[in-house]
Amino acid sequence: MKPVVGVLGVQGDVEEHVRALAGGGAEARVVKTPAELEAVEGLVIPGGESTTVIRLLERFGLSAPIKARVAGGMPLWGTCMGLIVAARDVADLEQPTLDLIDVTVRRNAFGRQVASAEVPLEIPALGSEPFPGIFIRAPWIERAGPQVEILASHDGHGVFVRQANVIGTSFHPELTHDRRVHDYFLEMVRTAA
Ligand code: GLN
């Protein structure tokens with residue numbers, strides 16, 4: 001059975017994730033409604049614009065159902081903006097987030113050199129080959145709670161984190177041909193199912 005994985009489709013780089021998940025053997029679906037959320041076994045929140053998406057999640061009635069599904073064990077992965085939306089706290093943002101992972105992030109944190117760059121990342125959980133980390137006005141992790149595992153860092157800041165069934169990446173694996181983070185997430189979905 002193919003795992004059914006949703007990509008939140010209210011705004012952002014949705015299609016790239018759909019393609020990468022499908023390439024990894026999942027049935028990938030765009031999720032825009034609570035009913036569509038019900039039908040998936042895992043959810044990706046892609047990159048995009050966090051202030052817009054936080055507003056749209058409320059308007060589409062998706063915030064509470066996403067929180068409930070994650071509390072019930074559904075794996076969730078936030079990339080870049082998705083990590084901001086999933087974080088407990090955002091250093092420079094007033095809006096309430098989904099609070100799914102106990103980290104504080106800072107938006108657009110990597111200054112000009114890495115504002116948009118490809119950086120080889122050491123990620124032992126994915127093997128010895130460095131992962132091509134694509135950063136686009138990316139957030140970094142300023143604080144991680146005791147339950148949070150830092151799976152990769154760059155410039156002394158966490159950029160790949162996990163807390164139980166929730167992972168977050170500052171970078172964009174959907175924009176590379178390296179599918180190891182997608183495969184890692186799909187394994188979480190298969191294990192949870
Ligand atoms: N800087 C964006 C934000 O704050 C995130 C950038 C991205 O997702 N590529 O929402």
# chains A, B, ... in the order shown; residues from 1 in each chain; ligands from 1
$ residues_around --residues "A:Gly145" --least-positions-apart "6" --cutoff "10 Å" --atoms "only C-alpha atoms" --output "number ranges by chain"
A: 88, 101-104, 163
$ residues_near_ligand --ligand "ligand 1" --cutoff "6 Å" --atoms "only C-alpha atoms and all ligand atoms" --output "PyMOL selection string"
chain A and resi 47-50+80-81+107-108+136-138
$ write_last_selection --atoms "N, CA and C atoms" --output "PDB file, in the first residue's frame"
ATOM      1  N   GLY A  47       7.530  25.494   1.757  1.00  0.00           N
ATOM      2  CA  GLY A  47       8.022  26.865   1.843  1.00  0.00           C
ATOM      3  C   GLY A  47       7.013  27.829   1.253  1.00  0.00           C
ATOM      4  N   GLY A  48       7.126  29.074   1.660  1.00  0.00           N
ATOM      5  CA  GLY A  48       6.186  30.081   1.183  1.00  0.00           C
ATOM      6  C   GLY A  48       6.327  31.309   2.057  1.00  0.00           C
ATOM      7  N   GLU A  49       5.216  31.938   2.366  1.00  0.00           N
ATOM      8  CA  GLU A  49       5.236  33.152   3.176  1.00  0.00           C
ATOM      9  C   GLU A  49       4.458  32.884   4.466  1.00  0.00           C
ATOM     10  N   SER A  50       5.198  32.851   5.583  1.00  0.00           N
ATOM     11  CA  SER A  50       4.589  32.372   6.834  1.00  0.00           C
ATOM     12  C   SER A  50       3.432  33.238   7.307  1.00  0.00           C
ATOM     13  N   CYS A  80      11.162  25.203   5.724  1.00  0.00           N
ATOM     14  CA  CYS A  80      11.356  26.654   5.661  1.00  0.00           C
ATOM     15  C   CYS A  80      10.146  27.378   6.264  1.00  0.00           C
ATOM     16  N   MET A  81       9.283  27.961   5.462  1.00  0.00           N
ATOM     17  CA  MET A  81       8.071  28.568   6.028  1.00  0.00           C
ATOM     18  C   MET A  81       7.299  27.560   6.870  1.00  0.00           C
ATOM     19  N   ARG A 107      13.204  34.247  11.579  1.00  0.00           N
ATOM     20  CA  ARG A 107      12.974  34.264  10.126  1.00  0.00           C
ATOM     21  C   ARG A 107      14.100  35.008   9.408  1.00  0.00           C
ATOM     22  N   ASN A 108      14.319  34.625   8.145  1.00  0.00           N
ATOM     23  CA  ASN A 108      15.296  35.301   7.268  1.00  0.00           C
ATOM     24  C   ASN A 108      16.624  35.500   8.008  1.00  0.00           C
ATOM     25  N   ILE A 136      16.649  29.497   1.175  1.00  0.00           N
ATOM     26  CA  ILE A 136      16.021  30.660   0.524  1.00  0.00           C
ATOM     27  C   ILE A 136      15.389  31.518   1.626  1.00  0.00           C
ATOM     28  N   ARG A 137      16.050  32.611   1.972  1.00  0.00           N
ATOM     29  CA  ARG A 137      15.566  33.460   3.066  1.00  0.00           C
ATOM     30  C   ARG A 137      15.114  32.586   4.256  1.00  0.00           C
ATOM     31  N   ALA A 138      16.012  31.698   4.644  1.00  0.00           N
ATOM     32  CA  ALA A 138      15.633  30.615   5.558  1.00  0.00           C
ATOM     33  C   ALA A 138      15.648  31.038   7.025  1.00  0.00           C
TER      34      ALA A 138
END
$ closest_residue --among "A:His157, A:Arg59, A:His17, A:Lys32" --to "A:Arg179" --atoms "only C-alpha atoms"
A:His17
$ atom_distance --atom1 "atom CA of A:Thr97" --atom2 "atom CA of A:Leu62"
12.3 Å
$ residues_around --residues "A:Gly61" --least-positions-apart "4" --cutoff "8 Å" --atoms "only C-alpha atoms" --output "ChimeraX atom specification"
/A:33-34,57,65
$ select_by_dssp --residues "stretch 9-184 of chain A" --states "strand (DSSP E)" --output "PyMOL selection string"
chain A and resi 27-31+42-45+76-79+87-90+101-106+116-121+131-136+140-144+149-154+157-163+166-169
$ closest_atom_pairs --of "stretch 10-118 of chain A" --to "stretch 158-162 of chain A" --cutoff "12 Å" --atoms "only C-alpha atoms" --output "JSON lines"
{"residue": "A:Pro75", "atom": "CA", "partner": "A:Arg162", "partner_atom": "CA", "distance": 10.6}
{"residue": "A:Leu76", "atom": "CA", "partner": "A:Arg162", "partner_atom": "CA", "distance": 10.0}
{"residue": "A:Trp77", "atom": "CA", "partner": "A:Arg162", "partner_atom": "CA", "distance": 9.1}
{"residue": "A:Gly78", "atom": "CA", "partner": "A:Phe160", "partner_atom": "CA", "distance": 9.9}
{"residue": "A:Thr79", "atom": "CA", "partner": "A:Phe160", "partner_atom": "CA", "distance": 9.2}
{"residue": "A:Cys80", "atom": "CA", "partner": "A:Val159", "partner_atom": "CA", "distance": 9.1}
{"residue": "A:Leu83", "atom": "CA", "partner": "A:Val161", "partner_atom": "CA", "distance": 9.3}
{"residue": "A:Ile84", "atom": "CA", "partner": "A:Val159", "partner_atom": "CA", "distance": 11.6}
{"residue": "A:Ala86", "atom": "CA", "partner": "A:Val161", "partner_atom": "CA", "distance": 11.4}
{"residue": "A:Ala87", "atom": "CA", "partner": "A:Val161", "partner_atom": "CA", "distance": 10.6}
{"residue": "A:Leu100", "atom": "CA", "partner": "A:Arg162", "partner_atom": "CA", "distance": 10.5}
{"residue": "A:Ile101", "atom": "CA", "partner": "A:Arg162", "partner_atom": "CA", "distance": 7.8}
{"residue": "A:Asp102", "atom": "CA", "partner": "A:Arg162", "partner_atom": "CA", "distance": 9.5}
{"residue": "A:Val103", "atom": "CA", "partner": "A:Val161", "partner_atom": "CA", "distance": 8.8}
{"residue": "A:Thr104", "atom": "CA", "partner": "A:Gly158", "partner_atom": "CA", "distance": 10.6}
{"residue": "A:Val105", "atom": "CA", "partner": "A:Gly158", "partner_atom": "CA", "distance": 9.4}
{"residue": "A:Arg106", "atom": "CA", "partner": "A:Gly158", "partner_atom": "CA", "distance": 11.1}
{"residue": "A:Ala109", "atom": "CA", "partner": "A:Val159", "partner_atom": "CA", "distance": 11.1}
{"residue": "A:Phe110", "atom": "CA", "partner": "A:Val159", "partner_atom": "CA", "distance": 10.8}
$ residues_around --residues "stretch 26-29 of chain A" --least-positions-apart "3" --cutoff "8 Å" --atoms "only C-alpha atoms" --output "number ranges by chain"
A: 2-7, 18-19, 21-23, 40, 186
$ closest_residue --among "A:Ser153, A:Gln147, A:Gln11, A:Ser63" --to "A:Val166" --atoms "only C-alpha atoms"
A:Gln147
$ atom_distance --atom1 "atom CA of A:Leu8" --atom2 "atom CA of A:Val31"
4.8 Å
$ select_by_dssp --residues "chain A" --states "alpha helix (DSSP H)" --output "VMD selection string"
chain A and resid 14 to 23 34 to 38 50 to 59 63 to 71 81 to 86 180 to 192
$ atom_distance --atom1 "atom CA of A:Asp178" --atom2 "atom CA of A:Glu36"
28.0 Å
